[in-house]
Amino acid sequence: MADAALPSTARSTPESRLRHVVRGTLAGWPARISLLILALALACALAPEWIAPRDGYAQDLALRLLPPAWSEKGVAGYWLGTDQLGRDTLSRIVEGTRITLLVSLFAVLVSGLAGVAAGLAAGFYGGKIDAVILRLIDIQLAFPLILLVIAVVAVVGPSLTNLVLVMGLSGWPRFARIVRGSVLTVRHLEFVDAARAIGASRGRVMALHILPNILSAIIVYASFEVARMILLEATLSFLGLGVQPPTPTWGGMISDGRKYLNQSWAVSLSPGIAIALVILAINIFGDALRDALDPQLDERL
Amino acid sequence: MTPALDASVQVRSAPPVLSVRNLHAHLHLGDTVVRAVDGVSFDLPAGATLSIVGESGCGKSMTALAILGLLPQPAGRITEGEVWLDGVGDLARLDQRALRRVRGNAVSMVFQDPMTSLNPVFRVGWQIAEAIRMHETVSREEARRRAIELLELVGIPSPSVRCDAFPHQLSGGMRQRVMIAIALARRPKVMLADEPTTALDVTIQAQVLRLMKRLQQDSGAALLLITHDLGVVAQMAQRVCVMYAGVIVEESAVGDLFADPLHPYTRGLLASMPKPRHGAARQALISIPGTVPPLSRLPAGCRFAGRCAHVFSKCREAEPPLVPVAGDLGPGARKVRCWLHVGSEAA
């Protein structure tokens with residue numbers, strides 16, 4: 001690093017930095033395929049009626065439990081077969097994307113907000129506040145998650161909002177731990193003291209000076225957390241605690257199809273594969289995103 | 001320590017801009033109490049440079065942080081003493097809200113490591129502007145214009161371009177210049193500089209010191225320069241306090257200190273500096289034997305007794321007071337904390 005850095009290197013705008021990260025993320029083909037899958041999932045969530053080949057709610061009892069179209073007894077047009085009420089499985093998977101993604105994204109948002117706030121406070125203030133928050137995290141993590149959600153849903157009822165809140169609250173301790181750890185590494189750097197020395201309040205230092213410095217860690221963790229929440233939603237729907245029928249969700253479809261596994265494996269397996277694909281895509285994408293954000297950290301040293 | 005004696009030399013014609021009186025700053029770590037600053041008093045006259053010199057862990061940095069009320073939380077606390085800032089009052093008694101109005105405004109600070117003292121995610125111009133906007137309501141454009149002016153003032157070439165640079169695009173020397181620009185943004189009365197050149201290359205050190213000296217003279221700010229480098233002291237300061245294990249052991253004008261160090265510790269420090277050979281045989285570097293006593297378990301008596309070559313029985317019994325050297329009670333009074341010199345004062 002020469003003392004007289006060329007003026008041209010000083011011309012790094014946020015836009016070019018963003019482009020740098022995007023290019024870094026999409027450098028490998030696994031990340032590109034992941035992005036494609038995620039884009040498809042997003043399209044399904046936003047406009048299922050354009051993508052679904054049929055109406056996912058329409059029943060046809062004459063065509064119950066059809067196998068996929070490519071098998072011997074398959075019927076053309078029902079690509080992944082039908083369920084026990086003769087509804088098209090593919091269309092229901094497409095329809096179910098919306099609720100599944102909506103619930104998991106909002107759950108991550110809720111747990112992210114709560115976890116980041118708690119983690120920031122714990123890491124920054126330390127002392128008693130840190131001790132109290134750490135104990136709360138330990139208590140929450142020691143409690144079996146599914147049991148907790150079952151208890152809460154049993155009390156407040158299985159509505160969409162409740163589901164999001166409960167799932168969100170189940171995720172905050174992990175967020176808080178990640179954020180606390182990151183804050184601890186940043187907090188002792190001199191720019192935090194320097195910000196205080198120009199008269200910034202603690203709240204301002206936390207929000208404006210510490211948070212942006214740990215944002216990449218939070219973004220990457222959030223991407224993994226979305227995958228976890230999809231799985232959790234599927235688990236809860238499978239247990240009948242999630243979104244209530246006839247609204248299709250992936251977990252709910254697996255649960256419904258379980259009873260008819262010996263007649264048609266496709267009913268349960270297809271939404272399962274959809275879950276696996278989306279989670280795999282999110283994880284690969286999150287990995288690539290972390291790799292792309294990391295060199296930037298090195299650059300600062 | 002010796003409030004009566006300290007008070008006797010406090011009467012001065014020009015009131016100091018910053019006056020620290022018997023400051024105690026302790027760190028409470030579980031059951032142990034680290035007495036990082038243990039009764040420090042000094043006056044910083046307007047426009048002057050006072051240097052605090054001492055080895056690592058002697059409480060120099062903690063003194064600066066205590067002045068600004070920025071001791072590490074929740075462990076650090078000012079347990080006793082006063083920090084009088086001209087026109088503001090006792091900083092040790094101000095609440096956080098009032099202290100925030102002082103920080104970066106009447107008193108600003110330059111930190112040791114320019115590699116970490118700027119926030120890596122913001123442009124340097126924004127960070128200078130933040131220091132301005134924290135204390136006055138100005139438009140973004142106005143703040144930016146003044147940030148560019150400040151960058152020019154601290155000698156950064158093409159300031160309007162560098163204003164948009166991120167810290168990692170600048171070298172260490174440049175970054176320290178930016179930190180100085182931030183410290184000067186509100187034309188403070190007092191600048192605290194905590195080892196401002198320690199992390200820089202030797203060639204850049206000289207540049208930055210010259211810059212600080214020039215800017216200090218132009219702006220009329222008083223400078224409290226904390227360093228372990230006696231060369232920096234000689235170049236920059238008029239007065240110097242030598243700190244050891246949380247207390248000042250010697251205070252004097254810079255010339256006197258180098259010409260005739262009184263405290264055995266000061267003598268040791270000066271002797272430890274490498275000297276040019278003058279054709280003589282190469283000599284091994286001299287060092288002070290032993291280590292600083294842990295600040296959580298200080299010995300009774302003189303804190304330097306364990307390492308002192310002139311130690312005698314009284315040193316282990318009672319801590320010597322910081323007293324003026326014989327007959328000298330003026331503003332330039334020379335003070336030393338050593339039993340060797342208390343006798344001469346009594347005589």
# chains A, B, ... in the order shown; residues from 1 in each chain; ligands from 1
>>> interface_residues(of="chain B", to="chain A", cutoff="8 Å", atoms="only C-alpha atoms", output="VMD selection string")
chain B and resid 68 70 73 to 74 99 to 105 108 to 111 113 115 to 121 131 134 to 135 161 to 162 164 to 174 183
>>> residues_around(residues="Gly77 in chain A", least_positions_apart="4", cutoff="9 Å", atoms="only C-alpha atoms", output="list in words")
Pro53, Arg54, Ala69, Gly81 and Asp88 of chain A
>>> residues_around(residues="range 143-152 of chain A", least_positions_apart="5", cutoff="10 Å", atoms="only C-alpha atoms", output="list of chain:residue names")
A:Asp138, A:Gly157, A:Pro158, A:Asn162, A:Leu163, A:Val166, A:Met167, A:Leu169, A:Ser170, A:Gly171, A:Leu232, A:Thr235, A:Leu236, A:Leu239, A:Gly240, A:Leu241, A:Gly242
>>> residues_around(residues="Cys58 in chain B", least_positions_apart="2", cutoff="10 Å", atoms="only C-alpha atoms", output="short mmCIF file (atom, residue, chain, number, x, y, z; two decimals) with all heavy atoms, in the first residue's frame")
data_model
loop_
_atom_site.label_atom_id
_atom_site.label_comp_id
_atom_site.auth_asym_id
_atom_site.auth_seq_id
_atom_site.Cartn_x
_atom_site.Cartn_y
_atom_site.Cartn_z
N ARG B 35 -5.44 -0.78 39.87
CA ARG B 35 -5.35 0.68 40.07
C ARG B 35 -4.54 1.28 38.93
O ARG B 35 -3.38 1.64 39.09
CB ARG B 35 -4.72 0.97 41.43
CG ARG B 35 -5.71 0.68 42.57
CD ARG B 35 -5.04 0.13 43.78
NE ARG B 35 -4.23 1.13 44.47
CZ ARG B 35 -3.47 0.86 45.51
NH1 ARG B 35 -3.39 -0.39 45.96
NH2 ARG B 35 -2.77 1.80 46.09
N ALA B 36 -5.20 1.42 37.77
CA ALA B 36 -4.49 1.83 36.56
C ALA B 36 -4.00 3.26 36.66
O ALA B 36 -2.88 3.57 36.26
CB ALA B 36 -5.40 1.67 35.35
N VAL B 37 -4.83 4.14 37.21
CA VAL B 37 -4.41 5.52 37.45
C VAL B 37 -4.64 5.76 38.93
O VAL B 37 -5.75 5.61 39.42
CB VAL B 37 -5.24 6.52 36.60
CG1 VAL B 37 -4.75 7.94 36.84
CG2 VAL B 37 -5.15 6.17 35.13
N VAL B 53 4.99 10.18 29.70
CA VAL B 53 5.84 9.13 29.16
C VAL B 53 5.94 8.01 30.19
O VAL B 53 5.88 8.25 31.39
CB VAL B 53 7.23 9.71 28.77
CG1 VAL B 53 7.99 10.18 29.97
CG2 VAL B 53 8.03 8.72 27.96
N GLY B 54 6.05 6.81 29.69
CA GLY B 54 6.14 5.67 30.60
C GLY B 54 6.05 4.41 29.77
O GLY B 54 5.74 4.45 28.59
N GLU B 55 6.33 3.26 30.41
CA GLU B 55 6.31 2.03 29.63
C GLU B 55 4.89 1.47 29.56
O GLU B 55 3.97 2.02 30.18
CB GLU B 55 7.28 1.01 30.22
CG GLU B 55 7.01 0.63 31.66
CD GLU B 55 8.23 -0.05 32.28
OE1 GLU B 55 8.55 -1.16 31.86
OE2 GLU B 55 8.85 0.53 33.19
N SER B 56 4.73 0.40 28.81
CA SER B 56 3.41 -0.19 28.62
C SER B 56 2.77 -0.53 29.96
O SER B 56 3.45 -1.03 30.85
CB SER B 56 3.50 -1.46 27.78
OG SER B 56 4.23 -1.21 26.62
N LYS B 60 -0.78 5.36 31.26
CA LYS B 60 -0.84 6.55 30.41
C LYS B 60 -2.14 6.62 29.62
O LYS B 60 -2.84 7.63 29.64
CB LYS B 60 0.31 6.60 29.38
CG LYS B 60 1.59 5.91 29.75
CD LYS B 60 2.62 6.13 28.66
CE LYS B 60 2.50 5.13 27.53
NZ LYS B 60 3.04 3.81 27.78
N SER B 61 -2.45 5.52 28.92
CA SER B 61 -3.65 5.53 28.08
C SER B 61 -4.91 5.65 28.93
O SER B 61 -5.85 6.35 28.55
CB SER B 61 -3.73 4.25 27.25
OG SER B 61 -2.63 4.18 26.39
N MET B 62 -4.91 4.98 30.08
CA MET B 62 -6.08 5.03 30.94
C MET B 62 -6.32 6.45 31.43
O MET B 62 -7.46 6.87 31.63
CB MET B 62 -5.88 4.09 32.14
CG MET B 62 -6.09 2.64 31.81
SD MET B 62 -7.76 2.32 31.22
CE MET B 62 -7.50 0.87 30.25
N THR B 63 -5.22 7.21 31.65
CA THR B 63 -5.38 8.60 32.05
C THR B 63 -6.15 9.37 30.98
O THR B 63 -7.10 10.10 31.28
CB THR B 63 -3.99 9.25 32.25
OG1 THR B 63 -3.25 8.42 33.15
CG2 THR B 63 -4.11 10.64 32.81
N VAL B 242 6.64 11.80 33.91
CA VAL B 242 7.03 10.40 33.78
C VAL B 242 6.12 9.58 34.67
O VAL B 242 5.99 9.86 35.86
CB VAL B 242 8.50 10.20 34.21
CG1 VAL B 242 8.91 8.75 34.05
CG2 VAL B 242 9.42 11.11 33.40
N MET B 243 5.44 8.61 34.06
CA MET B 243 4.51 7.79 34.85
C MET B 243 5.10 6.42 35.09
O MET B 243 5.77 5.86 34.23
CB MET B 243 3.19 7.63 34.11
CG MET B 243 2.08 8.54 34.63
SD MET B 243 0.53 8.21 33.81
CE MET B 243 -0.32 7.28 35.07
N TYR B 244 4.85 5.91 36.29
CA TYR B 244 5.27 4.55 36.59
C TYR B 244 4.23 3.90 37.48
O TYR B 244 3.89 4.44 38.54
CB TYR B 244 6.65 4.54 37.28
CG TYR B 244 7.16 3.15 37.54
CD1 TYR B 244 7.75 2.43 36.50
CD2 TYR B 244 7.02 2.55 38.79
CE1 TYR B 244 8.19 1.14 36.72
CE2 TYR B 244 7.47 1.26 39.00
CZ TYR B 244 8.05 0.56 37.96
OH TYR B 244 8.49 -0.72 38.16
N ALA B 245 3.71 2.78 37.04
CA ALA B 245 2.75 1.98 37.83
C ALA B 245 1.60 2.83 38.37
O ALA B 245 1.24 2.73 39.53
CB ALA B 245 3.47 1.26 38.96
N GLY B 246 1.04 3.68 37.52
CA GLY B 246 -0.18 4.40 37.89
C GLY B 246 0.02 5.75 38.55
O GLY B 246 -0.95 6.44 38.83
N VAL B 247 1.28 6.12 38.83
CA VAL B 247 1.51 7.44 39.43
C VAL B 247 2.58 8.19 38.63
O VAL B 247 3.36 7.59 37.89
CB VAL B 247 1.98 7.35 40.90
CG1 VAL B 247 0.89 6.79 41.79
CG2 VAL B 247 3.24 6.52 41.00
N ILE B 248 2.57 9.53 38.81
CA ILE B 248 3.63 10.33 38.20
C ILE B 248 4.83 10.29 39.15
O ILE B 248 4.69 10.56 40.35
CB ILE B 248 3.15 11.78 37.99
CG1 ILE B 248 2.08 11.80 36.92
CG2 ILE B 248 4.32 12.68 37.60
CD1 ILE B 248 1.46 13.16 36.68
N VAL B 292 7.43 -4.22 35.91
CA VAL B 292 6.48 -3.37 36.63
C VAL B 292 5.65 -4.25 37.56
O VAL B 292 5.21 -5.32 37.16
CB VAL B 292 5.54 -2.67 35.63
CG1 VAL B 292 4.66 -1.66 36.34
CG2 VAL B 292 6.35 -2.01 34.53
N PRO B 293 5.46 -3.83 38.82
CA PRO B 293 4.60 -4.65 39.70
C PRO B 293 3.18 -4.65 39.16
O PRO B 293 2.74 -3.67 38.56
CB PRO B 293 4.67 -3.91 41.04
CG PRO B 293 5.05 -2.51 40.70
CD PRO B 293 5.92 -2.62 39.48
N PRO B 294 2.44 -5.78 39.33
CA PRO B 294 1.06 -5.82 38.86
C PRO B 294 0.23 -4.74 39.56
O PRO B 294 0.33 -4.56 40.76
CB PRO B 294 0.58 -7.23 39.24
CG PRO B 294 1.56 -7.72 40.25
CD PRO B 294 2.84 -7.03 39.98
N LEU B 295 -0.57 -4.02 38.77
CA LEU B 295 -1.30 -2.88 39.32
C LEU B 295 -2.42 -3.32 40.25
O LEU B 295 -3.05 -2.50 40.89
CB LEU B 295 -1.86 -2.03 38.17
CG LEU B 295 -0.80 -1.32 37.33
CD1 LEU B 295 -1.42 -0.66 36.13
CD2 LEU B 295 -0.05 -0.30 38.18
#
>>> atom_distance(atom1="CA of Arg334 in chain B", atom2="CA of Ala253 in chain B")
7.3 Å
>>> select_by_dssp(residues="range 52-237 of chain B", states="strand (DSSP E or B)", output="PyMOL selection string")
chain B and resi 52-53+76-85+89-90+103+107-110+190-194+222-227
>>> write_last_selection(atoms="N, CA, C and O atoms", output="CSV table (one decimal), in the first residue's frame")
chain,number,residue,atom,x,y,z
B,52,ILE,N,3.1,12.7,28.5
B,52,ILE,CA,3.1,11.7,29.6
B,52,ILE,C,3.9,10.6,29.0
B,52,ILE,O,3.6,10.0,28.0
B,53,VAL,N,5.0,10.2,29.7
B,53,VAL,CA,5.8,9.1,29.2
B,53,VAL,C,5.9,8.0,30.2
B,53,VAL,O,5.9,8.3,31.4
B,76,GLY,N,-14.3,-0.1,34.2
B,76,GLY,CA,-13.6,1.1,34.6
B,76,GLY,C,-14.4,2.1,35.3
B,76,GLY,O,-15.6,2.3,35.0
B,77,ARG,N,-13.8,2.8,36.2
B,77,ARG,CA,-14.5,3.8,37.0
B,77,ARG,C,-13.5,4.9,37.5
B,77,ARG,O,-12.4,4.5,37.9
B,78,ILE,N,-13.9,6.1,37.5
B,78,ILE,CA,-13.1,7.1,38.2
B,78,ILE,C,-13.6,7.1,39.6
B,78,ILE,O,-14.7,7.4,39.9
B,79,THR,N,-12.6,6.7,40.5
B,79,THR,CA,-13.1,6.6,41.9
B,79,THR,C,-12.8,7.8,42.7
B,79,THR,O,-13.4,8.0,43.8
B,80,GLU,N,-12.0,8.7,42.2
B,80,GLU,CA,-11.6,9.9,43.0
B,80,GLU,C,-11.0,10.9,42.0
B,80,GLU,O,-10.4,10.5,41.0
B,81,GLY,N,-11.1,12.1,42.4
B,81,GLY,CA,-10.3,13.1,41.7
B,81,GLY,C,-11.1,14.0,40.8
B,81,GLY,O,-12.3,13.7,40.6
B,82,GLU,N,-10.5,15.0,40.2
B,82,GLU,CA,-11.2,16.0,39.4
B,82,GLU,C,-10.4,16.2,38.1
B,82,GLU,O,-9.2,16.1,38.0
B,83,VAL,N,-11.2,16.5,37.0
B,83,VAL,CA,-10.6,16.8,35.7
B,83,VAL,C,-11.3,18.1,35.3
B,83,VAL,O,-12.4,18.2,34.7
B,84,TRP,N,-10.6,19.2,35.6
B,84,TRP,CA,-11.2,20.6,35.3
B,84,TRP,C,-10.8,21.0,33.9
B,84,TRP,O,-9.7,21.1,33.5
B,85,LEU,N,-11.9,21.2,33.1
B,85,LEU,CA,-11.7,21.7,31.8
B,85,LEU,C,-12.2,23.2,31.8
B,85,LEU,O,-13.3,23.5,32.2
B,89,GLY,N,-16.0,22.8,33.3
B,89,GLY,CA,-16.1,22.3,34.7
B,89,GLY,C,-15.4,21.0,34.9
B,89,GLY,O,-14.5,20.6,34.2
B,90,ASP,N,-15.9,20.3,35.9
B,90,ASP,CA,-15.2,19.0,36.3
B,90,ASP,C,-15.8,17.9,35.4
B,90,ASP,O,-16.9,17.4,35.6
B,103,ARG,N,-16.8,15.7,24.2
B,103,ARG,CA,-16.0,14.8,23.4
B,103,ARG,C,-16.0,15.2,21.9
B,103,ARG,O,-17.1,15.4,21.3
B,107,VAL,N,-12.6,18.7,23.7
B,107,VAL,CA,-11.5,17.8,23.9
B,107,VAL,C,-11.6,16.7,22.8
B,107,VAL,O,-12.7,16.1,22.7
B,108,SER,N,-10.6,16.5,22.0
B,108,SER,CA,-10.7,15.5,21.0
B,108,SER,C,-9.5,14.5,21.2
B,108,SER,O,-8.6,14.8,22.0
B,109,MET,N,-9.5,13.4,20.5
B,109,MET,CA,-8.5,12.4,20.8
B,109,MET,C,-8.0,11.8,19.5
B,109,MET,O,-8.8,11.5,18.6
B,110,VAL,N,-6.7,11.5,19.4
B,110,VAL,CA,-6.1,10.8,18.3
B,110,VAL,C,-5.6,9.5,18.9
B,110,VAL,O,-4.9,9.5,19.9
B,190,VAL,N,-8.4,21.2,23.7
B,190,VAL,CA,-7.4,20.2,24.1
B,190,VAL,C,-7.4,19.0,23.2
B,190,VAL,O,-8.5,18.5,22.8
B,191,MET,N,-6.2,18.6,22.8
B,191,MET,CA,-6.2,17.4,22.0
B,191,MET,C,-5.4,16.3,22.8
B,191,MET,O,-4.3,16.6,23.3
B,192,LEU,N,-6.0,15.2,22.9
B,192,LEU,CA,-5.3,14.1,23.6
B,192,LEU,C,-4.7,13.2,22.4
B,192,LEU,O,-5.5,12.8,21.5
B,193,ALA,N,-3.5,12.9,22.5
B,193,ALA,CA,-2.9,12.0,21.5
B,193,ALA,C,-2.3,10.8,22.2
B,193,ALA,O,-1.3,11.0,22.9
B,194,ASP,N,-2.9,9.6,21.9
B,194,ASP,CA,-2.4,8.4,22.6
B,194,ASP,C,-1.4,7.7,21.7
B,194,ASP,O,-1.9,7.0,20.8
B,222,ALA,N,-4.2,23.0,23.2
B,222,ALA,CA,-3.2,22.4,24.0
B,222,ALA,C,-3.1,20.9,23.7
B,222,ALA,O,-4.1,20.3,23.3
B,223,LEU,N,-1.9,20.3,23.8
B,223,LEU,CA,-1.8,18.9,23.4
B,223,LEU,C,-1.3,18.1,24.6
B,223,LEU,O,-0.3,18.4,25.2
B,224,LEU,N,-2.0,17.0,24.9
B,224,LEU,CA,-1.5,16.1,25.9
B,224,LEU,C,-1.0,14.9,25.1
B,224,LEU,O,-1.8,14.1,24.5
B,225,LEU,N,0.3,14.7,25.0
B,225,LEU,CA,0.9,13.7,24.2
B,225,LEU,C,1.4,12.5,25.0
B,225,LEU,O,2.2,12.7,25.8
B,226,ILE,N,0.7,11.4,24.7
B,226,ILE,CA,1.1,10.2,25.5
B,226,ILE,C,2.0,9.3,24.6
B,226,ILE,O,1.7,9.1,23.5
B,227,THR,N,3.1,9.0,25.2
B,227,THR,CA,4.1,8.2,24.4
B,227,THR,C,5.0,7.4,25.3
B,227,THR,O,5.1,7.6,26.5
>>> residues_around(residues="Arg146 in chain B", least_positions_apart="3", cutoff="12 Å", atoms="only C-alpha atoms", output="list of chain:residue names")
B:Gly125, B:Trp126, B:Gln127, B:Ile128, B:Ala129, B:Glu130, B:Ala131, B:Ile132, B:Arg133, B:Val138, B:Ser139, B:Arg140, B:Glu141, B:Glu142, B:Ala143, B:Glu149, B:Leu150, B:Leu151, B:Glu152, B:Leu153, B:Pro159, B:Ser160, B:Cys163, B:Ala181, B:Ile182, B:Leu184, B:Ala185, B:Arg186
>>> write_last_selection(atoms="N, CA and C atoms", output="PDB file, in the first residue's frame")
ATOM      1  N   GLY B 125     -14.226  10.878   4.219  1.00  0.00           N
ATOM      2  CA  GLY B 125     -14.893  12.181   4.233  1.00  0.00           C
ATOM      3  C   GLY B 125     -16.132  12.147   5.115  1.00  0.00           C
ATOM      4  N   TRP B 126     -16.863  11.048   5.009  1.00  0.00           N
ATOM      5  CA  TRP B 126     -18.072  10.903   5.820  1.00  0.00           C
ATOM      6  C   TRP B 126     -17.714  10.900   7.296  1.00  0.00           C
ATOM      7  N   GLN B 127     -16.583  10.238   7.625  1.00  0.00           N
ATOM      8  CA  GLN B 127     -16.204  10.116   9.027  1.00  0.00           C
ATOM      9  C   GLN B 127     -15.766  11.452   9.605  1.00  0.00           C
ATOM     10  N   ILE B 128     -15.113  12.278   8.762  1.00  0.00           N
ATOM     11  CA  ILE B 128     -14.754  13.616   9.244  1.00  0.00           C
ATOM     12  C   ILE B 128     -16.023  14.446   9.411  1.00  0.00           C
ATOM     13  N   ALA B 129     -16.921  14.336   8.408  1.00  0.00           N
ATOM     14  CA  ALA B 129     -18.168  15.088   8.463  1.00  0.00           C
ATOM     15  C   ALA B 129     -18.989  14.680   9.686  1.00  0.00           C
ATOM     16  N   GLU B 130     -18.905  13.395  10.043  1.00  0.00           N
ATOM     17  CA  GLU B 130     -19.661  12.935  11.217  1.00  0.00           C
ATOM     18  C   GLU B 130     -19.216  13.686  12.474  1.00  0.00           C
ATOM     19  N   ALA B 131     -17.896  13.879  12.586  1.00  0.00           N
ATOM     20  CA  ALA B 131     -17.381  14.584  13.755  1.00  0.00           C
ATOM     21  C   ALA B 131     -17.913  16.015  13.810  1.00  0.00           C
ATOM     22  N   ILE B 132     -18.114  16.628  12.635  1.00  0.00           N
ATOM     23  CA  ILE B 132     -18.665  17.985  12.602  1.00  0.00           C
ATOM     24  C   ILE B 132     -20.153  17.954  12.916  1.00  0.00           C
ATOM     25  N   ARG B 133     -20.859  17.032  12.243  1.00  0.00           N
ATOM     26  CA  ARG B 133     -22.320  16.995  12.364  1.00  0.00           C
ATOM     27  C   ARG B 133     -22.782  16.516  13.732  1.00  0.00           C
ATOM     28  N   VAL B 138     -25.299  21.225  10.298  1.00  0.00           N
ATOM     29  CA  VAL B 138     -24.885  21.767   9.002  1.00  0.00           C
ATOM     30  C   VAL B 138     -25.401  20.826   7.917  1.00  0.00           C
ATOM     31  N   SER B 139     -25.548  21.347   6.724  1.00  0.00           N
ATOM     32  CA  SER B 139     -26.008  20.520   5.611  1.00  0.00           C
ATOM     33  C   SER B 139     -24.908  19.536   5.225  1.00  0.00           C
ATOM     34  N   ARG B 140     -25.315  18.493   4.514  1.00  0.00           N
ATOM     35  CA  ARG B 140     -24.351  17.503   4.043  1.00  0.00           C
ATOM     36  C   ARG B 140     -23.251  18.139   3.201  1.00  0.00           C
ATOM     37  N   GLU B 141     -23.671  19.036   2.313  1.00  0.00           N
ATOM     38  CA  GLU B 141     -22.712  19.663   1.394  1.00  0.00           C
ATOM     39  C   GLU B 141     -21.696  20.481   2.186  1.00  0.00           C
ATOM     40  N   GLU B 142     -22.230  21.239   3.168  1.00  0.00           N
ATOM     41  CA  GLU B 142     -21.353  22.070   3.988  1.00  0.00           C
ATOM     42  C   GLU B 142     -20.361  21.193   4.764  1.00  0.00           C
ATOM     43  N   ALA B 143     -20.867  20.113   5.347  1.00  0.00           N
ATOM     44  CA  ALA B 143     -20.003  19.223   6.122  1.00  0.00           C
ATOM     45  C   ALA B 143     -18.930  18.622   5.217  1.00  0.00           C
ATOM     46  N   GLU B 149     -11.700  20.602   3.295  1.00  0.00           N
ATOM     47  CA  GLU B 149     -10.775  21.621   3.817  1.00  0.00           C
ATOM     48  C   GLU B 149      -9.835  21.017   4.854  1.00  0.00           C
ATOM     49  N   LEU B 150     -10.420  20.213   5.754  1.00  0.00           N
ATOM     50  CA  LEU B 150      -9.613  19.611   6.820  1.00  0.00           C
ATOM     51  C   LEU B 150      -8.586  18.641   6.243  1.00  0.00           C
ATOM     52  N   LEU B 151      -9.006  17.877   5.210  1.00  0.00           N
ATOM     53  CA  LEU B 151      -8.065  16.948   4.586  1.00  0.00           C
ATOM     54  C   LEU B 151      -6.903  17.713   3.965  1.00  0.00           C
ATOM     55  N   GLU B 152      -7.236  18.864   3.393  1.00  0.00           N
ATOM     56  CA  GLU B 152      -6.180  19.684   2.806  1.00  0.00           C
ATOM     57  C   GLU B 152      -5.258  20.197   3.913  1.00  0.00           C
ATOM     58  N   LEU B 153      -5.878  20.602   5.032  1.00  0.00           N
ATOM     59  CA  LEU B 153      -5.122  21.136   6.164  1.00  0.00           C
ATOM     60  C   LEU B 153      -4.105  20.127   6.693  1.00  0.00           C
ATOM     61  N   PRO B 159      -7.486  16.312  -1.964  1.00  0.00           N
ATOM     62  CA  PRO B 159      -8.439  15.992  -0.889  1.00  0.00           C
ATOM     63  C   PRO B 159      -9.859  15.720  -1.373  1.00  0.00           C
ATOM     64  N   SER B 160     -10.274  16.372  -2.467  1.00  0.00           N
ATOM     65  CA  SER B 160     -11.662  16.161  -2.896  1.00  0.00           C
ATOM     66  C   SER B 160     -11.858  14.751  -3.442  1.00  0.00           C
ATOM     67  N   CYS B 163     -11.441  12.266  -0.201  1.00  0.00           N
ATOM     68  CA  CYS B 163     -12.626  12.380   0.641  1.00  0.00           C
ATOM     69  C   CYS B 163     -13.553  11.177   0.440  1.00  0.00           C
ATOM     70  N   ALA B 181      -7.339  15.072  11.299  1.00  0.00           N
ATOM     71  CA  ALA B 181      -8.371  15.952  10.752  1.00  0.00           C
ATOM     72  C   ALA B 181      -9.661  15.824  11.558  1.00  0.00           C
ATOM     73  N   ILE B 182     -10.012  14.584  11.919  1.00  0.00           N
ATOM     74  CA  ILE B 182     -11.224  14.377  12.717  1.00  0.00           C
ATOM     75  C   ILE B 182     -11.078  15.061  14.077  1.00  0.00           C
ATOM     76  N   LEU B 184      -9.321  17.607  14.785  1.00  0.00           N
ATOM     77  CA  LEU B 184      -9.288  19.066  14.666  1.00  0.00           C
ATOM     78  C   LEU B 184     -10.612  19.643  14.185  1.00  0.00           C
ATOM     79  N   ALA B 185     -11.555  18.766  13.806  1.00  0.00           N
ATOM     80  CA  ALA B 185     -12.748  19.218  13.095  1.00  0.00           C
ATOM     81  C   ALA B 185     -13.486  20.337  13.825  1.00  0.00           C
ATOM     82  N   ARG B 186     -13.502  20.286  15.137  1.00  0.00           N
ATOM     83  CA  ARG B 186     -14.283  21.267  15.886  1.00  0.00           C
ATOM     84  C   ARG B 186     -13.375  22.247  16.621  1.00  0.00           C
TER      85      ARG B 186
END
